[in-house]
file protein-v9.pdb (PDB, C-alpha atoms, pLDDT in the B column)
ATOM      1  CA  MET V 283      62.350  63.474  69.942  1.00 94.00           C
ATOM      2  CA  VAL V 284      65.634  64.199  71.694  1.00 96.00           C
ATOM      3  CA  ASP V 285      68.438  61.800  70.713  1.00 96.00           C
ATOM      4  CA  ASP V 286      72.031  62.505  69.718  1.00 94.00           C
ATOM      5  CA  ASP V 287      72.094  59.639  67.180  1.00 93.00           C
ATOM      6  CA  PHE V 288      70.138  60.790  64.125  1.00 92.00           C
ATOM      7  CA  ARG V 289      69.726  57.207  62.901  1.00 93.00           C
ATOM      8  CA  VAL V 290      68.121  56.111  66.162  1.00 93.00           C
ATOM      9  CA  ALA V 291      65.958  59.239  66.167  1.00 94.00           C
ATOM     10  CA  ARG V 292      64.801  58.439  62.627  1.00 94.00           C
ATOM     11  CA  VAL V 293      63.728  54.917  63.660  1.00 94.00           C
ATOM     12  CA  HIS V 294      61.937  56.158  66.779  1.00 94.00           C
ATOM     13  CA  ARG V 295      60.248  58.906  64.810  1.00 94.00           C
ATOM     14  CA  ALA V 296      58.919  56.307  62.363  1.00 94.00           C
ATOM     15  CA  TYR V 297      57.546  54.330  65.320  1.00 94.00           C
ATOM     16  CA  VAL V 298      55.692  57.361  66.680  1.00 94.00           C
ATOM     17  CA  GLU V 299      54.280  58.334  63.324  1.00 93.00           C
ATOM     18  CA  ARG V 300      52.618  54.918  63.001  1.00 92.00           C
ATOM     19  CA  LEU V 301      50.252  55.962  65.813  1.00 91.00           C
ATOM     20  CA  ASP V 302      47.247  58.045  64.811  1.00 88.00           C
ATOM     21  CA  ALA V 303      46.995  59.858  68.148  1.00 88.00           C
ATOM     22  CA  PHE V 304      50.539  61.256  67.930  1.00 93.00           C
ATOM     23  CA  ARG V 305      52.330  63.652  65.616  1.00 93.00           C
ATOM     24  CA  VAL V 306      56.080  64.315  65.676  1.00 95.00           C
ATOM     25  CA  VAL V 307      56.758  68.044  65.510  1.00 95.00           C
ATOM     26  CA  GLY V 308      60.546  68.055  65.761  1.00 95.00           C
ATOM     27  CA  VAL V 309      63.811  66.245  66.483  1.00 96.00           C
ATOM     28  CA  ALA V 310      66.681  67.547  68.622  1.00 96.00           C
ATOM     29  CA  GLY V 311      70.215  66.176  68.956  1.00 96.00           C
ATOM     30  CA  THR V 312      71.403  68.066  72.067  1.00 96.00           C
ATOM     31  CA  GLY V 313      69.984  69.454  75.281  1.00 95.00           C
ATOM     32  CA  GLU V 314      70.257  73.018  74.018  1.00 96.00           C
ATOM     33  CA  GLN V 315      68.482  72.117  70.788  1.00 97.00           C
ATOM     34  CA  ALA V 316      65.766  70.418  72.827  1.00 96.00           C
ATOM     35  CA  LEU V 317      65.177  73.563  74.891  1.00 96.00           C
ATOM     36  CA  ALA V 318      64.986  75.699  71.740  1.00 96.00           C
ATOM     37  CA  ALA V 319      62.649  73.206  70.047  1.00 96.00           C
ATOM     38  CA  VAL V 320      60.256  73.139  72.996  1.00 97.00           C
ATOM     39  CA  GLU V 321      60.268  76.933  73.130  1.00 96.00           C
ATOM     40  CA  GLY V 322      59.320  77.184  69.475  1.00 96.00           C
ATOM     41  CA  LEU V 323      57.092  74.136  69.008  1.00 96.00           C
ATOM     42  CA  ARG V 324      55.274  73.874  72.369  1.00 95.00           C
ATOM     43  CA  PRO V 325      54.840  70.070  72.281  1.00 96.00           C
ATOM     44  CA  ASP V 326      52.652  68.067  74.637  1.00 94.00           C
ATOM     45  CA  LEU V 327      55.271  65.342  75.120  1.00 96.00           C
ATOM     46  CA  VAL V 328      59.071  65.170  74.891  1.00 97.00           C
ATOM     47  CA  LEU V 329      60.773  61.818  74.276  1.00 97.00           C
ATOM     48  CA  LEU V 330      64.107  62.410  76.007  1.00 97.00           C
ATOM     49  CA  ASP V 331      67.383  60.521  75.746  1.00 96.00           C
ATOM     50  CA  LEU V 332      69.743  60.932  78.715  1.00 95.00           C
ATOM     51  CA  TYR V 333      73.177  60.551  77.118  1.00 94.00           C
ATOM     52  CA  LEU V 334      73.388  63.829  75.232  1.00 96.00           C
ATOM     53  CA  PRO V 335      76.647  65.442  74.042  1.00 95.00           C
ATOM     54  CA  ASP V 336      76.247  68.695  75.975  1.00 95.00           C
ATOM     55  CA  VAL V 337      74.230  67.900  79.135  1.00 95.00           C
ATOM     56  CA  PHE V 338      72.789  64.919  80.967  1.00 95.00           C
ATOM     57  CA  GLY V 339      69.210  64.573  79.768  1.00 95.00           C
ATOM     58  CA  LEU V 340      67.603  64.872  83.207  1.00 95.00           C
ATOM     59  CA  ASP V 341      69.194  68.330  83.574  1.00 95.00           C
ATOM     60  CA  VAL V 342      67.025  69.503  80.684  1.00 96.00           C
ATOM     61  CA  ILE V 343      63.811  68.976  82.654  1.00 96.00           C
ATOM     62  CA  PRO V 344      64.300  71.655  85.389  1.00 95.00           C
ATOM     63  CA  ARG V 345      65.352  74.107  82.697  1.00 96.00           C
ATOM     64  CA  LEU V 346      62.111  73.407  80.844  1.00 96.00           C
ATOM     65  CA  ARG V 347      60.127  74.033  84.021  1.00 94.00           C
ATOM     66  CA  ALA V 348      62.071  77.211  84.824  1.00 95.00           C
ATOM     67  CA  ALA V 349      61.193  78.487  81.339  1.00 95.00           C
ATOM     68  CA  GLY V 350      57.515  77.858  82.057  1.00 95.00           C
ATOM     69  CA  HIS V 351      57.002  74.774  79.880  1.00 95.00           C
ATOM     70  CA  ASP V 352      54.613  72.162  81.303  1.00 92.00           C
ATOM     71  CA  CYS V 353      55.114  69.516  78.604  1.00 95.00           C
ATOM     72  CA  ASP V 354      55.297  65.925  79.754  1.00 95.00           C
ATOM     73  CA  VAL V 355      58.586  64.030  79.476  1.00 96.00           C
ATOM     74  CA  MET V 356      59.119  60.346  78.717  1.00 96.00           C
ATOM     75  CA  VAL V 357      62.687  59.075  79.092  1.00 95.00           C
ATOM     76  CA  ILE V 358      63.959  56.809  76.299  1.00 95.00           C
ATOM     77  CA  SER V 359      67.502  55.820  77.125  1.00 92.00           C
ATOM     78  CA  ALA V 360      70.047  53.055  77.568  1.00 90.00           C
ATOM     79  CA  ALA V 361      70.795  54.409  81.073  1.00 89.00           C
ATOM     80  CA  ARG V 362      70.232  51.512  83.486  1.00 87.00           C
ATOM     81  CA  GLU V 363      71.767  53.113  86.577  1.00 89.00           C
ATOM     82  CA  ALA V 364      69.464  53.207  89.580  1.00 89.00           C
ATOM     83  CA  ASP V 365      70.387  56.858  90.175  1.00 91.00           C
ATOM     84  CA  ALA V 366      69.156  57.757  86.697  1.00 91.00           C
ATOM     85  CA  VAL V 367      65.837  56.003  87.264  1.00 91.00           C
ATOM     86  CA  ARG V 368      65.396  57.591  90.700  1.00 91.00           C
ATOM     87  CA  GLY V 369      66.267  60.999  89.257  1.00 92.00           C
ATOM     88  CA  ALA V 370      63.742  60.562  86.478  1.00 93.00           C
ATOM     89  CA  VAL V 371      61.034  59.739  89.032  1.00 91.00           C
ATOM     90  CA  ARG V 372      61.952  62.810  91.099  1.00 93.00           C
ATOM     91  CA  HIS V 373      61.661  64.956  87.975  1.00 94.00           C
ATOM     92  CA  GLY V 374      58.159  63.625  87.316  1.00 91.00           C
ATOM     93  CA  VAL V 375      58.677  61.768  84.042  1.00 94.00           C
ATOM     94  CA  VAL V 376      55.605  59.935  82.775  1.00 91.00           C
ATOM     95  CA  ASP V 377      57.543  56.794  81.807  1.00 92.00           C
ATOM     96  CA  TYR V 378      61.046  55.356  81.392  1.00 93.00           C
ATOM     97  CA  LEU V 379      61.765  53.023  78.459  1.00 91.00           C
ATOM     98  CA  LEU V 380      65.116  51.290  78.104  1.00 90.00           C
ATOM     99  CA  LYS V 381      66.877  50.999  74.761  1.00 89.00           C
ATOM    100  CA  PRO V 382      66.881  48.918  72.666  1.00 86.00           C
ATOM    101  CA  PHE V 383      63.160  48.434  72.182  1.00 88.00           C
ATOM    102  CA  ASP V 384      60.788  47.701  69.330  1.00 88.00           C
ATOM    103  CA  PHE V 385      57.614  49.341  68.081  1.00 90.00           C
ATOM    104  CA  GLU V 386      55.300  47.320  70.336  1.00 86.00           C
ATOM    105  CA  ASP V 387      57.194  48.425  73.456  1.00 87.00           C
ATOM    106  CA  LEU V 388      56.897  52.102  72.553  1.00 91.00           C
ATOM    107  CA  ARG V 389      53.333  51.835  71.288  1.00 89.00           C
ATOM    108  CA  GLY V 390      52.068  50.371  74.552  1.00 87.00           C
ATOM    109  CA  ARG V 391      53.626  53.139  76.611  1.00 90.00           C
ATOM    110  CA  LEU V 392      52.462  55.936  74.339  1.00 91.00           C
ATOM    111  CA  GLU V 393      48.927  54.588  74.240  1.00 87.00           C
ATOM    112  CA  ARG V 394      48.928  54.294  78.042  1.00 85.00           C
ATOM    113  CA  TYR V 395      50.158  57.895  78.259  1.00 88.00           C
ATOM    114  CA  ALA V 396      47.394  59.045  75.889  1.00 87.00           C
ATOM    115  CA  VAL V 397      44.756  57.360  78.068  1.00 81.00           C
ATOM    116  CA  GLN V 398      46.091  58.965  81.231  1.00 81.00           C
ATOM    117  CA  ARG V 399      46.411  62.387  79.585  1.00 82.00           C
ATOM    118  CA  GLY V 400      42.806  62.171  78.427  1.00 78.00           C
ATOM    119  CA  ARG V 401      41.667  61.297  81.945  1.00 74.00           C
ATOM    120  CA  LEU V 402      43.553  64.240  83.445  1.00 74.00           C
ATOM    121  CA  ARG V 403      42.194  66.630  80.813  1.00 74.00           C
ATOM    122  CA  ASP V 404      38.590  65.544  81.296  1.00 70.00           C
ATOM    123  CA  THR V 405      38.567  65.170  85.084  1.00 70.00           C
ATOM    124  CA  VAL V 406      36.039  67.198  87.049  1.00 74.00           C
ATOM    125  CA  VAL V 407      36.922  67.329  90.754  1.00 75.00           C
ATOM    126  CA  ARG V 408      33.799  67.210  92.907  1.00 76.00           C
ATOM    127  CA  GLY V 409      35.392  65.658  95.961  1.00 76.00           C
ATOM    128  CA  GLN V 410      38.223  63.604  97.404  1.00 79.00           C
ATOM    129  CA  ALA V 411      37.280  60.503  95.418  1.00 72.00           C
ATOM    130  CA  ASP V 412      37.921  62.374  92.160  1.00 69.00           C
ATOM    131  CA  VAL V 413      41.298  63.567  93.434  1.00 72.00           C
ATOM    132  CA  ASP V 414      42.225  60.021  94.496  1.00 71.00           C
ATOM    133  CA  ARG V 415      41.370  58.659  91.058  1.00 67.00           C
ATOM    134  CA  VAL V 416      43.577  61.235  89.345  1.00 66.00           C
ATOM    135  CA  LEU V 417      46.509  60.568  91.687  1.00 65.00           C
ATOM    136  CA  ALA V 418      46.147  56.803  91.371  1.00 63.00           C
ATOM    137  CA  GLY V 419      46.239  57.062  87.591  1.00 59.00           C
ATOM    138  CA  ALA V 420      49.262  59.381  87.624  1.00 58.00           C
ATOM    139  CA  ALA V 421      51.148  57.057  89.971  1.00 54.00           C
ATOM    140  CA  GLY V 422      50.488  54.179  87.625  1.00 50.00           C
ATOM    141  CA  ALA V 423      51.943  55.964  84.604  1.00 46.00           C
ATOM    142  CA  ALA V 424      55.433  54.642  85.434  1.00 43.00           C
ATOM    143  CA  GLY V 425      54.268  51.214  86.519  1.00 43.00           C
ATOM    144  CA  PRO V 426      51.233  48.937  86.594  1.00 40.00           C
ATOM    145  CA  VAL V 427      47.967  50.716  85.884  1.00 39.00           C
ATOM    146  CA  ALA V 428      44.397  49.786  86.545  1.00 41.00           C
ATOM    147  CA  PRO V 429      43.428  47.121  84.017  1.00 47.00           C
ATOM    148  CA  VAL V 430      41.086  48.340  81.297  1.00 55.00           C
ATOM    149  CA  LEU V 431      40.208  46.004  78.449  1.00 69.00           C
ATOM    150  CA  PRO V 432      40.008  47.707  75.051  1.00 74.00           C
ATOM    151  CA  LYS V 433      36.946  47.176  72.922  1.00 75.00           C
ATOM    152  CA  GLY V 434      36.922  43.788  71.267  1.00 82.00           C
ATOM    153  CA  MET V 435      38.570  42.011  74.197  1.00 86.00           C
ATOM    154  CA  SER V 436      36.629  39.796  76.578  1.00 88.00           C
ATOM    155  CA  ALA V 437      37.244  39.256  80.279  1.00 86.00           C
ATOM    156  CA  GLU V 438      36.809  35.510  79.763  1.00 88.00           C
ATOM    157  CA  THR V 439      39.573  35.245  77.164  1.00 92.00           C
ATOM    158  CA  ALA V 440      41.786  37.591  79.160  1.00 91.00           C
ATOM    159  CA  GLY V 441      41.307  35.423  82.226  1.00 90.00           C
ATOM    160  CA  LEU V 442      42.144  32.277  80.238  1.00 93.00           C
ATOM    161  CA  ILE V 443      45.367  33.763  78.896  1.00 94.00           C
ATOM    162  CA  GLU V 444      46.261  35.083  82.349  1.00 91.00           C
ATOM    163  CA  ARG V 445      45.862  31.640  83.920  1.00 92.00           C
ATOM    164  CA  THR V 446      47.903  30.042  81.148  1.00 94.00           C
ATOM    165  CA  LEU V 447      50.712  32.529  81.637  1.00 93.00           C
ATOM    166  CA  ARG V 448      50.594  32.135  85.421  1.00 90.00           C
ATOM    167  CA  GLU V 449      50.966  28.369  85.113  1.00 91.00           C
ATOM    168  CA  ALA V 450      53.713  28.447  82.490  1.00 91.00           C
ATOM    169  CA  ASP V 451      57.167  27.217  83.412  1.00 88.00           C
ATOM    170  CA  GLY V 452      59.130  30.291  82.366  1.00 90.00           C
ATOM    171  CA  THR V 453      58.141  32.349  79.338  1.00 94.00           C
ATOM    172  CA  LEU V 454      55.689  31.798  76.495  1.00 95.00           C
ATOM    173  CA  SER V 455      55.562  33.124  72.963  1.00 95.00           C
ATOM    174  CA  ALA V 456      52.269  34.243  71.450  1.00 95.00           C
ATOM    175  CA  THR V 457      52.275  31.086  69.314  1.00 95.00           C
ATOM    176  CA  GLU V 458      52.774  28.860  72.353  1.00 96.00           C
ATOM    177  CA  CYS V 459      50.082  30.701  74.297  1.00 95.00           C
ATOM    178  CA  ALA V 460      47.679  30.302  71.371  1.00 95.00           C
ATOM    179  CA  GLY V 461      48.338  26.572  71.261  1.00 95.00           C
ATOM    180  CA  LEU V 462      47.674  26.180  74.976  1.00 95.00           C
ATOM    181  CA  THR V 463      44.497  28.270  75.038  1.00 95.00           C
ATOM    182  CA  GLY V 464      42.919  27.478  71.677  1.00 95.00           C
ATOM    183  CA  VAL V 465      42.708  31.123  70.579  1.00 94.00           C
ATOM    184  CA  SER V 466      44.369  32.438  67.423  1.00 95.00           C
ATOM    185  CA  ARG V 467      47.977  33.613  67.541  1.00 94.00           C
ATOM    186  CA  VAL V 468      46.877  37.143  66.603  1.00 94.00           C
ATOM    187  CA  SER V 469      44.393  37.241  69.504  1.00 94.00           C
ATOM    188  CA  ALA V 470      46.900  35.770  71.956  1.00 95.00           C
ATOM    189  CA  ARG V 471      49.489  38.381  71.010  1.00 93.00           C
ATOM    190  CA  ARG V 472      46.966  41.202  71.356  1.00 91.00           C
ATOM    191  CA  TYR V 473      46.040  40.153  74.896  1.00 92.00           C
ATOM    192  CA  LEU V 474      49.674  39.562  75.868  1.00 93.00           C
ATOM    193  CA  GLU V 475      50.685  42.988  74.552  1.00 89.00           C
ATOM    194  CA  HIS V 476      47.806  44.569  76.464  1.00 86.00           C
ATOM    195  CA  PHE V 477      48.985  42.887  79.679  1.00 87.00           C
ATOM    196  CA  HIS V 478      52.504  44.137  78.941  1.00 84.00           C
ATOM    197  CA  THR V 479      51.171  47.679  78.524  1.00 79.00           C
ATOM    198  CA  MET V 480      49.390  47.372  81.876  1.00 76.00           C
ATOM    199  CA  GLY V 481      52.654  46.336  83.553  1.00 76.00           C
ATOM    200  CA  THR V 482      51.581  42.828  84.557  1.00 82.00           C
ATOM    201  CA  VAL V 483      53.640  40.940  81.977  1.00 88.00           C
ATOM    202  CA  GLU V 484      57.335  41.246  81.159  1.00 88.00           C
ATOM    203  CA  VAL V 485      58.615  40.916  77.599  1.00 90.00           C
ATOM    204  CA  SER V 486      62.015  39.563  76.591  1.00 90.00           C
ATOM    205  CA  LEU V 487      63.437  39.047  73.116  1.00 89.00           C
ATOM    206  CA  ARG V 488      64.876  35.738  71.928  1.00 86.00           C
ATOM    207  CA  TYR V 489      67.176  36.117  68.938  1.00 85.00           C
ATOM    208  CA  GLY V 490      67.457  33.347  66.356  1.00 75.00           C
ATOM    209  CA  ALA V 491      69.841  32.851  63.465  1.00 68.00           C
ATOM    210  CA  THR V 492      67.666  34.858  61.056  1.00 70.00           C
ATOM    211  CA  GLY V 493      64.582  37.051  61.027  1.00 73.00           C
ATOM    212  CA  ARG V 494      62.979  39.122  63.754  1.00 79.00           C
ATOM    213  CA  PRO V 495      63.572  38.287  67.414  1.00 86.00           C
ATOM    214  CA  GLU V 496      60.788  36.315  69.104  1.00 89.00           C
ATOM    215  CA  ARG V 497      58.877  38.116  71.831  1.00 92.00           C
ATOM    216  CA  ARG V 498      58.597  36.027  75.008  1.00 94.00           C
ATOM    217  CA  TYR V 499      56.119  36.846  77.787  1.00 94.00           C
ATOM    218  CA  ARG V 500      56.456  36.185  81.514  1.00 91.00           C
ATOM    219  CA  PHE V 501      53.848  36.755  84.219  1.00 89.00           C
ATOM    220  CA  LEU V 502      55.129  39.166  86.890  1.00 82.00           C
ATOM    221  CA  GLY V 503      53.048  37.791  89.772  1.00 64.00           C
ATOM    222  CA  LEU V 504      50.653  40.750  89.879  1.00 53.00           C
ATOM    223  CA  GLY V 505      46.917  40.193  89.550  1.00 51.00           C
ATOM    224  CA  MET V 506      45.652  41.410  86.208  1.00 52.00           C
ATOM    225  CA  GLY V 507      42.220  41.993  87.689  1.00 49.00           C
ATOM    226  CA  MET V 508      40.074  40.607  84.899  1.00 48.00           C
ATOM    227  CA  GLY V 509      36.472  41.671  85.131  1.00 36.00           C
ATOM    228  CA  MET V 510      37.353  45.349  85.530  1.00 36.00           C
ATOM    229  CA  GLY V 511      36.060  48.038  83.168  1.00 34.00           C
ATOM    230  CA  MET V 512      35.796  47.078  79.527  1.00 32.00           C
ATOM    231  CA  GLY V 513      35.853  50.456  77.799  1.00 35.00           C
ATOM    232  CA  GLY V 514      39.019  51.683  76.107  1.00 37.00           C
ATOM    233  CA  GLU V 515      40.111  55.296  76.035  1.00 37.00           C
ATOM    234  CA  ARG V 516      42.486  57.099  73.784  1.00 37.00           C
ATOM    235  CA  GLY V 517      43.860  60.633  73.881  1.00 39.00           C
ATOM    236  CA  ALA V 518      43.540  62.673  70.730  1.00 39.00           C
ATOM    237  CA  GLY V 519      45.912  65.067  69.060  1.00 46.00           C
ATOM    238  CA  VAL V 520      48.980  64.449  71.223  1.00 50.00           C
ATOM    239  CA  ARG V 521      52.039  66.034  69.680  1.00 51.00           C
ATOM    240  CA  ALA V 522      55.384  64.405  70.489  1.00 52.00           C
ATOM    241  CA  SER V 523      58.463  66.591  70.283  1.00 48.00           C
ATOM    242  CA  LEU V 524      61.522  64.729  69.457  1.00 46.00           C
ATOM    243  CA  GLY V 525      64.876  69.903  67.184  1.00 39.00           C
ATOM    244  CA  ARG V 526      67.221  68.637  64.562  1.00 37.00           C
ATOM    245  CA  ARG V 527      65.922  66.736  61.526  1.00 35.00           C
ATOM    246  CA  GLY V 528      67.605  63.339  61.148  1.00 38.00           C
TER
END

call {"tool": "encode", "arguments": {"input": "protein-v9.pdb", "output": "structure tokens"}}
result
Amino acid sequence: MVDDDFRVARVHRAYVERLDAFRVVGVAGTGEQALAAVEGLRPDLVLLDLYLPDVFGLDVIPRLRAAGHDCDVMVISAAREADAVRGAVRHGVVDYLLKPFDFEDLRGRLERYAVQRGRLRDTVVRGQADVDRVLAGAAGAAGPVAPVLPKGMSAETAGLIERTLREADGTLSATECAGLTGVSRVSARRYLEHFHTMGTVEVSLRYGATGRPERRYRFLGLGMGMGMGMGGERGAGVRASLGRRG
């Protein structure tokens, strides 16, 4: 994890370590520390902040490639400038997550990355169709991806929640969605978070006087494609590199 604020890095590290498929192998506070950490630890994935004290984060990526490192990079930053986002795309990052975020935001993106990494690792290219599938999945890593329902989810319930969200006037909470559909709040939240991971639902946070902020969901106007494949996939043994212990 590459972040110049050791307190933020500690929180993000705790998020990552809640996921069985990922293991944090290091934390770095500067671009130079990140380069040294990757050289020594050889991670599969680097979670990269952009506002570093010595270099702009995106400048770390070509130096990693020049040194022969093929690790994936996910940007985690407060940088909202269009130039930063365009630069990240040009450098081939697998995702771009804006700060501040909570565990659910990061979990969805890491799990999506693990699925895509597993597909790339296991792909056997027999013809153009196989190549097209790989490229389509890679293109979707930074945006909406083909809908795949994890085990335990049904297309019927997913379709019901999709219709409810489509017809909502504004945003819905998981509790409100549960009340409108008749499913439990836990189930409603699971489907809504899955749609968010797939890029078809936007999440905003509503802050109250006390307690955790409420997650609000809004349909983005993209078909969720219920009725697609039902099987879930998950990458195994992905190591996330975050240099300095915080």

call {"tool": "resolve_selection", "arguments": {"input": "protein-v9.pdb", "expression": "the PyMOL selection byres ((chain V and resi 443) around 8)", "output": "ChimeraX atom specification"}}
result
/V:439-442,444-447,459,463,470,473-474

call {"tool": "closest_atom_pairs", "arguments": {"input": "protein-v9.pdb", "of": "region 459-486 of chain V", "to": "region 391-415 of chain V", "cutoff": "12 Å", "atoms": "only C-alpha atoms", "output": "JSON lines"}}
result
{"residue": "V:Glu475", "atom": "CA", "partner": "V:Arg391", "partner_atom": "CA", "distance": 10.8}
{"residue": "V:His476", "atom": "CA", "partner": "V:Arg394", "partner_atom": "CA", "distance": 9.9}
{"residue": "V:Phe477", "atom": "CA", "partner": "V:Arg394", "partner_atom": "CA", "distance": 11.5}
{"residue": "V:His478", "atom": "CA", "partner": "V:Arg391", "partner_atom": "CA", "distance": 9.4}
{"residue": "V:Thr479", "atom": "CA", "partner": "V:Arg391", "partner_atom": "CA", "distance": 6.3}
{"residue": "V:Met480", "atom": "CA", "partner": "V:Arg394", "partner_atom": "CA", "distance": 7.9}
{"residue": "V:Gly481", "atom": "CA", "partner": "V:Arg391", "partner_atom": "CA", "distance": 9.8}

call {"tool": "residues_around", "arguments": {"input": "protein-v9.pdb", "residues": "region 335-350 of chain V", "least_positions_apart": "4", "cutoff": "9 Å", "atoms": "all atoms listed in the file", "output": "list in words"}}
result
Val284, Asp286, Gly311, Thr312, Gly313, Glu314, Ala316, Leu317, Val320, Glu321, Leu330, Asp331, Val355, Val357, Ala366, Gly369, Ala370, His373 and Val375 of chain V

call {"tool": "closest_residue", "arguments": {"input": "protein-v9.pdb", "among": "V:Asp352, V:Asp285, V:Asp384, V:Asp326", "to": "Arg494 (chain V)", "atoms": "all atoms listed in the file"}}
result
V:Asp384

call {"tool": "atom_distance", "arguments": {"input": "protein-v9.pdb", "atom1": "CA of His351 (chain V)", "atom2": "CA of Ala319 (chain V)"}}
result
11.4 Å

call {"tool": "axis_aligned_box", "arguments": {"input": "protein-v9.pdb", "around": "region 356-373 of chain V", "padding_each_side": "5 Å", "output": "lines of an AutoDock Vina configuration file"}}
result
center_x = 65.4
center_y = 58.2
center_z = 83.7
size_x = 22.6
size_y = 23.4
size_z = 24.8

call {"tool": "residues_near_point", "arguments": {"input": "protein-v9.pdb", "point": "(72.9, 55.6, 82.0)", "cutoff": "10 Å", "atoms": "all atoms listed in the file", "output": "JSON, numbers by chain"}}
result
{"V": [331, 332, 333, 338, 339, 359, 360, 361, 362, 363, 364, 365, 366, 367, 380]}

call {"tool": "atom_distance", "arguments": {"input": "protein-v9.pdb", "atom1": "CA of Ala296 (chain V)", "atom2": "CA of Gly308 (chain V)"}}
result
12.3 Å

call {"tool": "closest_residue", "arguments": {"input": "protein-v9.pdb", "among": "V:Arg471, V:Arg500, V:Gly493, V:Arg305", "to": "Glu449 (chain V)", "atoms": "all atoms listed in the file"}}
result
V:Arg500

call {"tool": "atom_distance", "arguments": {"input": "protein-v9.pdb", "atom1": "CA of Ala310 (chain V)", "atom2": "CA of Phe383 (chain V)"}}
result
19.8 Å

call {"tool": "closest_residue", "arguments": {"input": "protein-v9.pdb", "among": "V:Arg372, V:Arg498, V:Arg389, V:Arg472", "to": "Ser455 (chain V)", "atoms": "only C-alpha atoms"}}
result
V:Arg498
